[in-house]
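Student: So here's model15.cif, just mmCIF, C-alpha atoms:
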```cif
data_upload
#
loop_
_atom_site.label_atom_id
_atom_site.label_comp_id
_atom_site.auth_asym_id
_atom_site.auth_seq_id
_atom_site.Cartn_x
_atom_site.Cartn_y
_atom_site.Cartn_z
CA MET A 267 51.39 -35.33 135.86
CA SER A 268 49.81 -37.17 132.94
CA ALA A 269 51.61 -39.84 130.95
CA GLU A 270 51.44 -37.57 127.91
CA THR A 271 53.12 -34.70 129.73
CA LYS A 272 55.81 -37.04 130.97
CA LEU A 273 56.84 -37.73 127.40
CA ILE A 274 58.55 -34.36 127.39
CA GLU A 275 60.75 -35.36 130.32
CA PRO A 276 63.45 -37.17 128.31
CA LEU A 277 64.54 -33.95 126.66
CA LYS A 278 64.48 -32.05 129.93
CA GLN A 279 66.73 -34.74 131.32
CA ILE A 280 69.02 -34.57 128.31
CA ALA A 281 69.35 -30.85 128.97
CA ASN A 282 70.10 -31.64 132.62
CA ALA A 283 72.70 -34.15 131.47
CA SER A 284 74.44 -31.37 129.60
CA PHE A 285 74.59 -29.42 132.88
CA GLU A 286 76.33 -32.43 134.44
CA TRP A 287 78.66 -32.57 131.48
CA VAL A 288 79.48 -28.89 132.06
CA ASN A 289 80.30 -29.62 135.67
CA GLU A 290 82.67 -32.36 134.58
CA SER A 291 84.25 -29.99 132.06
CA MET A 292 84.79 -27.39 134.76
CA ASN A 293 86.42 -29.98 136.99
CA SER A 294 88.71 -30.97 134.14
CA GLY A 295 90.05 -27.45 133.76
CA VAL A 296 87.81 -25.67 131.25
CA SER A 297 87.78 -21.91 131.88
CA ALA A 298 84.90 -20.32 133.78
CA THR A 299 83.86 -18.23 130.75
CA ARG A 300 83.53 -21.26 128.56
CA ALA A 301 81.74 -23.20 131.25
CA VAL A 302 79.22 -20.34 131.58
CA THR A 303 78.69 -20.47 127.80
CA PHE A 304 77.92 -24.17 128.09
CA LEU A 305 75.58 -23.55 130.99
CA MET A 306 73.69 -20.89 129.05
CA LEU A 307 73.26 -23.23 126.11
CA ALA A 308 72.03 -26.04 128.33
CA PHE A 309 69.67 -23.63 130.08
CA MET A 310 68.27 -22.40 126.75
CA VAL A 311 67.56 -25.92 125.59
CA SER A 312 66.04 -26.87 128.93
CA LEU A 313 63.84 -23.78 128.95
CA THR A 314 62.67 -24.28 125.37
CA VAL A 315 61.78 -27.87 126.06
CA SER A 316 60.02 -27.00 129.33
CA ILE A 317 57.90 -24.33 127.62
CA SER A 318 56.82 -26.76 124.95
CA GLY A 319 56.07 -29.33 127.65
CA CYS A 320 53.83 -26.92 129.52
CA THR A 321 51.83 -25.70 126.56
CA ALA A 322 51.89 -27.75 123.38
CA TYR A 323 52.05 -31.08 125.10
CA ASN A 324 49.47 -30.35 127.78
CA SER A 325 46.99 -29.33 125.10
CA THR A 326 47.10 -32.82 123.64
CA LEU A 327 45.62 -35.27 126.10
CA PRO A 328 43.91 -38.13 124.26
CA PHE A 329 43.06 -39.90 127.51
CA SER A 330 41.21 -36.86 128.90
CA VAL A 331 38.60 -36.80 126.10
CA ALA A 332 37.79 -40.53 126.16
CA GLU A 333 34.47 -41.49 127.71
CA THR A 334 34.05 -45.26 127.56
CA VAL A 335 36.45 -47.89 128.90
CA GLU A 336 37.26 -48.99 125.34
CA GLN A 337 38.06 -45.42 124.29
CA ARG A 338 40.23 -44.94 127.39
CA ALA A 339 42.08 -48.18 126.65
CA PHE A 340 42.61 -47.04 123.06
CA ALA A 341 43.92 -43.63 124.17
CA ALA A 342 46.28 -45.28 126.68
CA TYR A 343 47.54 -47.81 124.13
CA GLY A 344 48.03 -45.11 121.49
CA THR A 345 49.95 -42.96 123.96
CA PHE A 346 52.12 -45.96 124.78
CA VAL A 347 52.90 -46.51 121.08
CA ILE A 348 53.85 -42.86 120.56
CA THR A 349 56.12 -43.08 123.64
CA GLU A 350 57.64 -46.31 122.34
CA GLU A 351 58.38 -44.68 118.98
CA ARG A 352 60.20 -41.79 120.73
CA ALA A 353 62.15 -44.36 122.74
CA VAL A 354 63.54 -45.94 119.56
CA ALA A 355 65.46 -42.75 118.75
CA ILE A 356 66.91 -42.60 122.25
CA VAL A 357 67.90 -46.27 122.47
CA ARG A 358 69.62 -46.08 119.07
CA ASN A 359 71.53 -42.91 119.99
CA PRO A 360 75.10 -43.91 120.95
CA LYS A 361 75.67 -40.44 122.41
CA ILE A 362 73.24 -41.21 125.25
CA PRO A 363 74.73 -43.25 128.15
CA LYS A 364 74.28 -46.99 127.80
CA TYR A 365 72.69 -47.46 131.25
CA ILE A 366 69.86 -45.08 130.33
CA ARG A 367 69.25 -46.88 127.06
CA LYS A 368 69.30 -50.24 128.86
CA ARG A 369 66.74 -48.98 131.36
CA ILE A 370 64.45 -47.94 128.50
CA GLN A 371 64.91 -51.30 126.82
CA THR A 372 63.97 -53.14 130.03
CA ALA A 373 60.95 -50.90 130.69
CA ASP A 374 59.70 -51.52 127.17
CA ARG A 375 60.23 -55.28 127.52
CA ILE A 376 57.98 -55.25 130.59
CA ALA A 377 55.39 -52.79 129.24
CA LYS A 378 54.80 -54.35 125.82
CA PRO A 379 53.05 -57.61 126.94
CA LEU A 380 50.80 -55.65 129.31
CA ALA A 381 49.95 -53.14 126.58
CA ASP A 382 49.05 -55.99 124.25
CA LYS A 383 46.94 -57.64 126.95
CA LEU A 384 45.07 -54.37 127.42
CA ARG A 385 44.51 -54.11 123.66
CA GLN A 386 43.25 -57.70 123.41
CA SER A 387 40.82 -57.36 126.31
CA ALA A 388 39.51 -54.02 124.97
CA VAL A 389 39.00 -55.48 121.48
CA PHE A 390 37.16 -58.40 123.09
CA LEU A 391 34.98 -55.97 125.05
CA VAL A 392 34.02 -54.11 121.84
CA LYS A 393 32.83 -57.39 120.29
CA LEU A 394 31.07 -58.41 123.49
CA ARG A 395 29.19 -55.11 123.60
CA GLN A 396 27.97 -55.69 120.04
CA ASP A 397 26.81 -59.18 121.02
CA PHE A 398 25.06 -57.76 124.07
CA LYS A 399 23.16 -55.29 121.87
CA SER A 400 21.95 -58.13 119.70
CA GLY A 401 20.98 -60.14 122.77
CA LYS A 402 23.66 -62.81 122.41
CA VAL A 403 25.25 -62.29 125.84
CA LYS A 404 23.94 -61.45 129.30
CA GLU A 405 24.52 -58.11 131.02
CA ILE A 406 26.52 -59.73 133.83
CA VAL A 407 29.14 -60.96 131.32
CA LEU A 408 29.45 -57.47 129.87
CA THR A 409 29.76 -55.92 133.34
CA GLU A 410 32.42 -58.41 134.39
CA THR A 411 34.44 -57.93 131.20
CA THR A 412 34.21 -54.14 131.50
CA ALA A 413 35.56 -54.45 135.06
CA GLN A 414 38.39 -56.66 133.75
CA VAL A 415 39.42 -54.10 131.12
CA SER A 416 39.33 -51.35 133.77
CA GLU A 417 41.59 -53.53 135.92
CA ASP A 418 43.97 -54.08 132.98
CA LEU A 419 44.05 -50.32 132.48
CA ALA A 420 44.92 -49.79 136.15
CA LYS A 421 47.69 -52.41 135.93
CA PHE A 422 49.03 -50.83 132.77
CA GLU A 423 49.33 -47.34 134.24
CA PRO A 424 52.36 -47.96 136.54
CA VAL A 425 54.14 -49.88 133.77
CA MET A 426 53.53 -47.02 131.39
CA THR A 427 54.79 -44.59 134.04
CA ASN A 428 57.91 -46.71 134.42
CA LEU A 429 58.59 -46.54 130.69
CA THR A 430 58.25 -42.76 130.61
CA LYS A 431 60.38 -42.50 133.76
CA SER A 432 63.07 -44.61 132.14
CA LEU A 433 63.08 -42.08 129.31
CA GLU A 434 63.83 -39.40 131.85
CA GLY A 435 67.11 -41.22 132.33
CA VAL A 436 70.03 -39.38 133.84
CA SER A 437 68.77 -38.25 137.23
CA GLY A 438 66.48 -41.25 137.85
CA MET B 73 50.45 -20.03 120.74
CA ASP B 74 51.20 -23.75 120.85
CA GLN B 75 52.20 -23.72 117.21
CA LYS B 76 54.75 -20.99 117.97
CA TYR B 77 56.44 -23.19 120.54
CA LEU B 78 56.41 -26.12 118.15
CA GLU B 79 58.08 -23.96 115.51
CA LEU B 80 60.64 -22.90 118.09
CA ILE B 81 61.46 -26.51 118.89
CA ARG B 82 61.48 -27.36 115.20
CA MET B 83 64.02 -24.61 114.51
CA ALA B 84 66.18 -25.35 117.56
CA PRO B 85 68.55 -27.90 115.94
CA THR B 86 69.26 -25.57 113.00
CA VAL B 87 69.90 -22.61 115.29
CA LEU B 88 72.09 -24.71 117.56
CA ARG B 89 74.12 -26.00 114.59
CA LEU B 90 74.61 -22.41 113.41
CA ILE B 91 75.90 -21.44 116.86
CA GLY B 92 78.10 -24.53 116.76
CA SER B 93 79.58 -23.54 113.38
CA ILE B 94 80.28 -20.02 114.62
CA SER B 95 81.94 -21.44 117.73
CA GLU B 96 84.10 -23.67 115.56
CA ILE B 97 85.13 -20.83 113.22
CA THR B 98 85.94 -18.50 116.10
CA GLY B 99 88.11 -21.18 117.64
CA VAL B 100 86.26 -21.61 120.91
CA ASN B 101 87.09 -24.74 122.88
CA LYS B 102 86.41 -27.83 120.74
CA SER B 103 83.96 -29.14 123.34
CA VAL B 104 81.45 -26.35 122.60
CA PRO B 105 80.60 -27.41 119.02
CA LYS B 106 80.58 -31.04 120.22
CA LEU B 107 78.03 -30.29 122.95
CA ILE B 108 75.90 -28.22 120.60
CA ASP B 109 75.96 -30.96 117.99
CA THR B 110 74.93 -33.59 120.56
CA VAL B 111 71.98 -31.50 121.75
CA ALA B 112 70.92 -30.65 118.19
CA TYR B 113 71.24 -34.27 117.10
CA THR B 114 69.14 -35.51 120.03
CA LEU B 115 66.44 -32.89 119.42
CA GLU B 116 66.24 -33.99 115.80
CA GLN B 117 66.14 -37.67 116.64
CA VAL B 118 63.50 -37.47 119.35
CA ASN B 119 61.47 -35.10 117.14
CA ILE B 120 59.17 -33.50 119.71
CA PRO B 121 57.02 -31.63 117.14
CA GLU B 122 56.23 -34.93 115.45
CA ALA B 123 55.34 -36.49 118.82
CA VAL B 124 53.04 -33.56 119.64
CA GLU B 125 51.37 -33.90 116.25
CA GLU B 126 50.92 -37.62 116.85
CA MET B 127 49.29 -36.91 120.20
CA GLN B 128 47.00 -34.33 118.60
CA LYS B 129 45.98 -36.82 115.92
CA LEU B 130 45.23 -39.45 118.55
CA LYS B 131 43.23 -36.97 120.59
CA SER B 132 41.21 -35.96 117.49
CA LEU B 133 40.52 -39.60 116.73
CA VAL B 134 39.25 -40.26 120.27
CA GLU B 135 37.14 -37.07 120.11
CA LEU B 136 35.63 -38.34 116.87
CA MET B 137 34.76 -41.64 118.55
CA VAL B 138 33.06 -39.74 121.37
CA GLN B 139 31.11 -37.56 118.90
CA GLU B 140 30.01 -40.58 116.89
CA THR B 141 29.31 -42.54 120.11
CA ARG B 142 31.33 -45.47 118.84
CA GLU B 143 34.18 -47.65 120.02
CA PRO B 144 37.57 -48.07 118.31
CA THR B 145 37.39 -50.39 115.30
CA ASP B 146 39.61 -53.42 114.65
CA ASP B 147 41.45 -51.48 111.94
CA GLU B 148 42.18 -48.58 114.31
CA TRP B 149 43.57 -50.99 116.90
CA GLN B 150 45.56 -52.81 114.22
CA VAL B 151 47.32 -49.63 113.03
CA PHE B 152 48.65 -48.95 116.54
CA LYS B 153 49.49 -52.61 117.14
CA SER B 154 51.63 -52.73 113.98
CA ARG B 155 53.40 -49.52 114.96
CA SER B 156 54.02 -50.85 118.46
CA ASP B 157 55.42 -54.14 117.12
CA ILE B 158 57.84 -52.26 114.86
CA ALA B 159 58.98 -49.90 117.65
CA HIS B 160 59.30 -52.75 120.15
CA GLU B 161 61.44 -54.82 117.78
CA ALA B 162 63.63 -51.80 117.03
CA ILE B 163 64.17 -51.09 120.74
CA GLN B 164 64.95 -54.69 121.60
CA ALA B 165 67.22 -55.15 118.57
CA VAL B 166 69.78 -52.65 119.86
CA ASP B 167 72.70 -54.54 121.36
CA LEU B 168 73.68 -52.82 124.61
CA ASP B 169 75.77 -55.58 126.17
#
```
Just give me the structure as structure tokens.

Tutor:
Amino acid sequence: MSAETKLIEPLKQIANASFEWVNESMNSGVSATRAVTFLMLAFMVSLTVSISGCTAYNSTLPFSVAETVEQRAFAAYGTFVITEERAVAIVRNPKIPKYIRKRIQTADRIAKPLADKLRQSAVFLVKLRQDFKSGKVKEIVLTETTAQVSEDLAKFEPVMTNLTKSLEGVSG
Amino acid sequence: MDQKYLELIRMAPTVLRLIGSISEITGVNKSVPKLIDTVAYTLEQVNIPEAVEEMQKLKSLVELMVQETREPTDDEWQVFKSRSDIAHEAIQAVDLD
């Protein structure tokens, strides 16, 4: 599953959380009819979100169209930023359990420096490539730096996955 | 087709709130409107249609770079960096202790 597709997971998990809430309600004496109503609502939300995750979200994969290492780094960084912006709404939402919000906060604290390192090395590579074209640097330097950015991208991927997983919350 | 689903998601909070109001009027258990409101509120806050649009914009930008056989510019990086800094600060500023 791509990082972009995983962005949809938080809402699926929120829908799942409402299922759990229903279970708790049933245990605390809510009638079966009402509990079924809750379940149907939770199912509707979950289904709606899943459909949008399978179609709308899968059709938008910035990473998949990138060709060069710099473009891939840019797509990955941009995806991270969009994820981070969604996370703000979740972390600020007092209706979502604190432990989930804490997990998101921690994942972001770890991901941010690595994302910035990736951005810095990719920006440096862009400049280096320009210098190479004008004959200011040797090919070996460009090759080594390109390899370094690829390595940064590989290191960033699990951290990014961790952030999106933390957004999944509840069942994690 | 994708746009239809986005519209569906966009409308979901309003529809849910309407169901919640009906539940409240008809005197169903108080927990029902509360649950509906929580789901509607979260859908609004997370704003999936906006996220999808953001992803589409990013994809278009990368496609443009590929077409023009160019790399991302400093300004393009800077826009995302500023957004990331703002989001990061907002996430870390929430006191959860």

Student: Decode the PyMOL selection byres ((chain A and resi 415) around 9) for the given file into explicit residues and return them as number ranges by chain.

Tutor: A: 335-336, 339, 384, 387-388, 391, 410-414, 416-420

Student: Could you give me, as a list in words, the residues that have an atom at most 9 Å away from the point (66.3, -54.1, 121.1) in the coordinates of the file, using all atoms listed in the file?

Tutor: Val354, Val357, Arg358, Gln371 and Arg375 of chain A; His160, Glu161, Ala162, Ile163, Gln164, Ala165, Val166, Asp167 and Leu168 of chain B

Student: Which residue out of A:Ala355, A:Ile406, A:Val392, A:Met426 has the minimum interatomic distance to Asn119 (chain B) when all atoms listed in the file are used?

Tutor: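 Using all atoms listed in the file, the shortest distance to Asn119 (chain B) belongs to A:Ala355.
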
Student: Separation of CA of Lys383 (chain A) and CA of Arg142 (chain B), in Å?

Tutor: 21.4 Å

Student: For a cut-off of 12 Å around (60.4, -47.1, 123.8), file coordinates, pick out all residues using all atoms listed in the file and list them as an MDAnalysis selection string.

Tutor: (chainID A and resid 273 276 345:358 366:378 426:434) or (chainID B and resid 118 155:166)

Student: What does the distance from CA of Ala341 (chain A) to CA of Lys393 (chain A) come to in Å, to one decimal?

Tutor: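 If I compute the distance from CA of Ala341 (chain A) to CA of Lys393 (chain A), I get 18.1 Å.
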
Student: Considering all atoms listed in the file, return as a list in words whatever protein or nucleic-acid residues lie within 10 Å of region 138-140 of chain B, sequence-local ones (same chain, fewer than 2 positions apart) excluded.

Tutor: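 That gives Val331, Ala332, Glu333, Thr334 and Gln337 of chain A; Ser132, Leu133, Val134, Glu135, Leu136, Arg142, Glu143 and Pro144 of chain B.
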
Student: In Å, rounded to a single decimal, give me how far CA of Ile120 (chain B) is from CA of Phe152 (chain B).

Tutor: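 Between CA of Phe152 (chain B) and CA of Ile120 (chain B) the gap is 19.0 Å.
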
Student: Measuring between all atoms listed in the file, which one of A:Gly344, A:Lys364, A:Phe329, A:Val403 shows the shortest distance to Glu126 (chain B)?

Tutor: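 Comparing A:Gly344, A:Lys364, A:Phe329, A:Val403 against Glu126 (chain B), the winner is A:Gly344.
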
Student: For chain A, which of B:Lys131, B:Ser154, B:Asp169, B:Met137 is the closest residue, counting all atoms listed in the file?

Tutor: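 With all atoms listed in the file as the atom set, the closest residue is B:Lys131.
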
Student: Will you model all heavy atoms for region 384-395 of chain A and pass it back as a PDB file, in the coordinates of the input?

Tutor:
```pdb
ATOM      1  N   LEU A 384      46.095 -55.411 127.330  1.00  0.00           N
ATOM      2  CA  LEU A 384      45.070 -54.370 127.420  1.00  0.00           C
ATOM      3  C   LEU A 384      44.337 -54.237 126.076  1.00  0.00           C
ATOM      4  O   LEU A 384      43.103 -54.166 126.037  1.00  0.00           O
ATOM      5  CB  LEU A 384      45.706 -53.027 127.801  1.00  0.00           C
ATOM      6  CG  LEU A 384      44.782 -51.811 127.815  1.00  0.00           C
ATOM      7  CD1 LEU A 384      43.753 -51.913 128.934  1.00  0.00           C
ATOM      8  CD2 LEU A 384      45.593 -50.512 127.977  1.00  0.00           C
ATOM      9  N   ARG A 385      45.115 -54.228 125.000  1.00  0.00           N
ATOM     10  CA  ARG A 385      44.510 -54.110 123.660  1.00  0.00           C
ATOM     11  C   ARG A 385      43.582 -55.292 123.378  1.00  0.00           C
ATOM     12  O   ARG A 385      42.441 -55.104 122.956  1.00  0.00           O
ATOM     13  CB  ARG A 385      45.625 -54.066 122.602  1.00  0.00           C
ATOM     14  CG  ARG A 385      45.134 -53.953 121.163  1.00  0.00           C
ATOM     15  CD  ARG A 385      46.280 -54.016 120.172  1.00  0.00           C
ATOM     16  NE  ARG A 385      47.102 -55.205 120.329  1.00  0.00           N
ATOM     17  CZ  ARG A 385      46.761 -56.425 119.895  1.00  0.00           C
ATOM     18  NH1 ARG A 385      45.624 -56.607 119.261  1.00  0.00           N
ATOM     19  NH2 ARG A 385      47.552 -57.459 120.093  1.00  0.00           N
ATOM     20  N   GLN A 386      44.053 -56.511 123.678  1.00  0.00           N
ATOM     21  CA  GLN A 386      43.250 -57.700 123.410  1.00  0.00           C
ATOM     22  C   GLN A 386      41.948 -57.693 124.196  1.00  0.00           C
ATOM     23  O   GLN A 386      40.882 -57.981 123.657  1.00  0.00           O
ATOM     24  CB  GLN A 386      44.053 -58.964 123.758  1.00  0.00           C
ATOM     25  CG  GLN A 386      45.068 -59.330 122.688  1.00  0.00           C
ATOM     26  CD  GLN A 386      46.082 -60.361 123.158  1.00  0.00           C
ATOM     27  OE1 GLN A 386      46.061 -60.797 124.307  1.00  0.00           O
ATOM     28  NE2 GLN A 386      46.985 -60.746 122.281  1.00  0.00           N
ATOM     29  N   SER A 387      42.048 -57.336 125.489  1.00  0.00           N
ATOM     30  CA  SER A 387      40.820 -57.360 126.310  1.00  0.00           C
ATOM     31  C   SER A 387      39.857 -56.252 125.888  1.00  0.00           C
ATOM     32  O   SER A 387      38.644 -56.422 125.936  1.00  0.00           O
ATOM     33  CB  SER A 387      41.142 -57.291 127.809  1.00  0.00           C
ATOM     34  OG  SER A 387      41.882 -56.149 128.109  1.00  0.00           O
ATOM     35  N   ALA A 388      40.393 -55.113 125.428  1.00  0.00           N
ATOM     36  CA  ALA A 388      39.510 -54.020 124.970  1.00  0.00           C
ATOM     37  C   ALA A 388      38.830 -54.386 123.654  1.00  0.00           C
ATOM     38  O   ALA A 388      37.642 -54.104 123.470  1.00  0.00           O
ATOM     39  CB  ALA A 388      40.322 -52.732 124.819  1.00  0.00           C
ATOM     40  N   VAL A 389      39.588 -55.038 122.757  1.00  0.00           N
ATOM     41  CA  VAL A 389      39.000 -55.480 121.480  1.00  0.00           C
ATOM     42  C   VAL A 389      37.886 -56.505 121.758  1.00  0.00           C
ATOM     43  O   VAL A 389      36.811 -56.450 121.161  1.00  0.00           O
ATOM     44  CB  VAL A 389      40.095 -56.097 120.551  1.00  0.00           C
ATOM     45  CG1 VAL A 389      39.483 -56.832 119.369  1.00  0.00           C
ATOM     46  CG2 VAL A 389      41.035 -54.998 120.052  1.00  0.00           C
ATOM     47  N   PHE A 390      38.164 -57.393 122.713  1.00  0.00           N
ATOM     48  CA  PHE A 390      37.160 -58.400 123.090  1.00  0.00           C
ATOM     49  C   PHE A 390      35.907 -57.719 123.653  1.00  0.00           C
ATOM     50  O   PHE A 390      34.778 -58.107 123.337  1.00  0.00           O
ATOM     51  CB  PHE A 390      37.767 -59.358 124.130  1.00  0.00           C
ATOM     52  CG  PHE A 390      36.815 -60.414 124.612  1.00  0.00           C
ATOM     53  CD1 PHE A 390      36.361 -61.418 123.754  1.00  0.00           C
ATOM     54  CD2 PHE A 390      36.358 -60.403 125.928  1.00  0.00           C
ATOM     55  CE1 PHE A 390      35.470 -62.386 124.205  1.00  0.00           C
ATOM     56  CE2 PHE A 390      35.464 -61.377 126.380  1.00  0.00           C
ATOM     57  CZ  PHE A 390      35.018 -62.364 125.518  1.00  0.00           C
ATOM     58  N   LEU A 391      36.116 -56.687 124.443  1.00  0.00           N
ATOM     59  CA  LEU A 391      34.980 -55.970 125.050  1.00  0.00           C
ATOM     60  C   LEU A 391      34.118 -55.292 123.966  1.00  0.00           C
ATOM     61  O   LEU A 391      32.886 -55.290 124.078  1.00  0.00           O
ATOM     62  CB  LEU A 391      35.489 -54.919 126.051  1.00  0.00           C
ATOM     63  CG  LEU A 391      34.427 -54.088 126.767  1.00  0.00           C
ATOM     64  CD1 LEU A 391      33.456 -54.967 127.571  1.00  0.00           C
ATOM     65  CD2 LEU A 391      35.084 -53.060 127.698  1.00  0.00           C
ATOM     66  N   VAL A 392      34.771 -54.751 122.943  1.00  0.00           N
ATOM     67  CA  VAL A 392      34.020 -54.110 121.840  1.00  0.00           C
ATOM     68  C   VAL A 392      33.093 -55.137 121.194  1.00  0.00           C
ATOM     69  O   VAL A 392      31.900 -54.878 120.969  1.00  0.00           O
ATOM     70  CB  VAL A 392      34.992 -53.509 120.784  1.00  0.00           C
ATOM     71  CG1 VAL A 392      34.224 -53.022 119.553  1.00  0.00           C
ATOM     72  CG2 VAL A 392      35.799 -52.361 121.378  1.00  0.00           C
ATOM     73  N   LYS A 393      33.622 -56.331 120.931  1.00  0.00           N
ATOM     74  CA  LYS A 393      32.830 -57.390 120.290  1.00  0.00           C
ATOM     75  C   LYS A 393      31.701 -57.851 121.226  1.00  0.00           C
ATOM     76  O   LYS A 393      30.570 -58.081 120.795  1.00  0.00           O
ATOM     77  CB  LYS A 393      33.725 -58.582 119.929  1.00  0.00           C
ATOM     78  CG  LYS A 393      34.632 -58.263 118.743  1.00  0.00           C
ATOM     79  CD  LYS A 393      35.337 -59.520 118.244  1.00  0.00           C
ATOM     80  CE  LYS A 393      36.110 -59.210 116.976  1.00  0.00           C
ATOM     81  NZ  LYS A 393      37.435 -58.673 117.245  1.00  0.00           N
ATOM     82  N   LEU A 394      32.062 -57.962 122.499  1.00  0.00           N
ATOM     83  CA  LEU A 394      31.070 -58.410 123.490  1.00  0.00           C
ATOM     84  C   LEU A 394      29.909 -57.418 123.598  1.00  0.00           C
ATOM     85  O   LEU A 394      28.750 -57.812 123.710  1.00  0.00           O
ATOM     86  CB  LEU A 394      31.768 -58.548 124.852  1.00  0.00           C
ATOM     87  CG  LEU A 394      31.074 -59.433 125.881  1.00  0.00           C
ATOM     88  CD1 LEU A 394      31.102 -60.900 125.448  1.00  0.00           C
ATOM     89  CD2 LEU A 394      31.766 -59.301 127.237  1.00  0.00           C
ATOM     90  N   ARG A 395      30.238 -56.140 123.519  1.00  0.00           N
ATOM     91  CA  ARG A 395      29.190 -55.110 123.600  1.00  0.00           C
ATOM     92  C   ARG A 395      28.231 -55.213 122.408  1.00  0.00           C
ATOM     93  O   ARG A 395      27.028 -55.038 122.552  1.00  0.00           O
ATOM     94  CB  ARG A 395      29.834 -53.712 123.644  1.00  0.00           C
ATOM     95  CG  ARG A 395      28.938 -52.644 124.248  1.00  0.00           C
ATOM     96  CD  ARG A 395      29.617 -51.301 124.310  1.00  0.00           C
ATOM     97  NE  ARG A 395      30.694 -51.206 125.288  1.00  0.00           N
ATOM     98  CZ  ARG A 395      30.514 -51.062 126.605  1.00  0.00           C
ATOM     99  NH1 ARG A 395      29.289 -50.996 127.099  1.00  0.00           N
ATOM    100  NH2 ARG A 395      31.543 -50.970 127.419  1.00  0.00           N
TER     101      ARG A 395
END
```
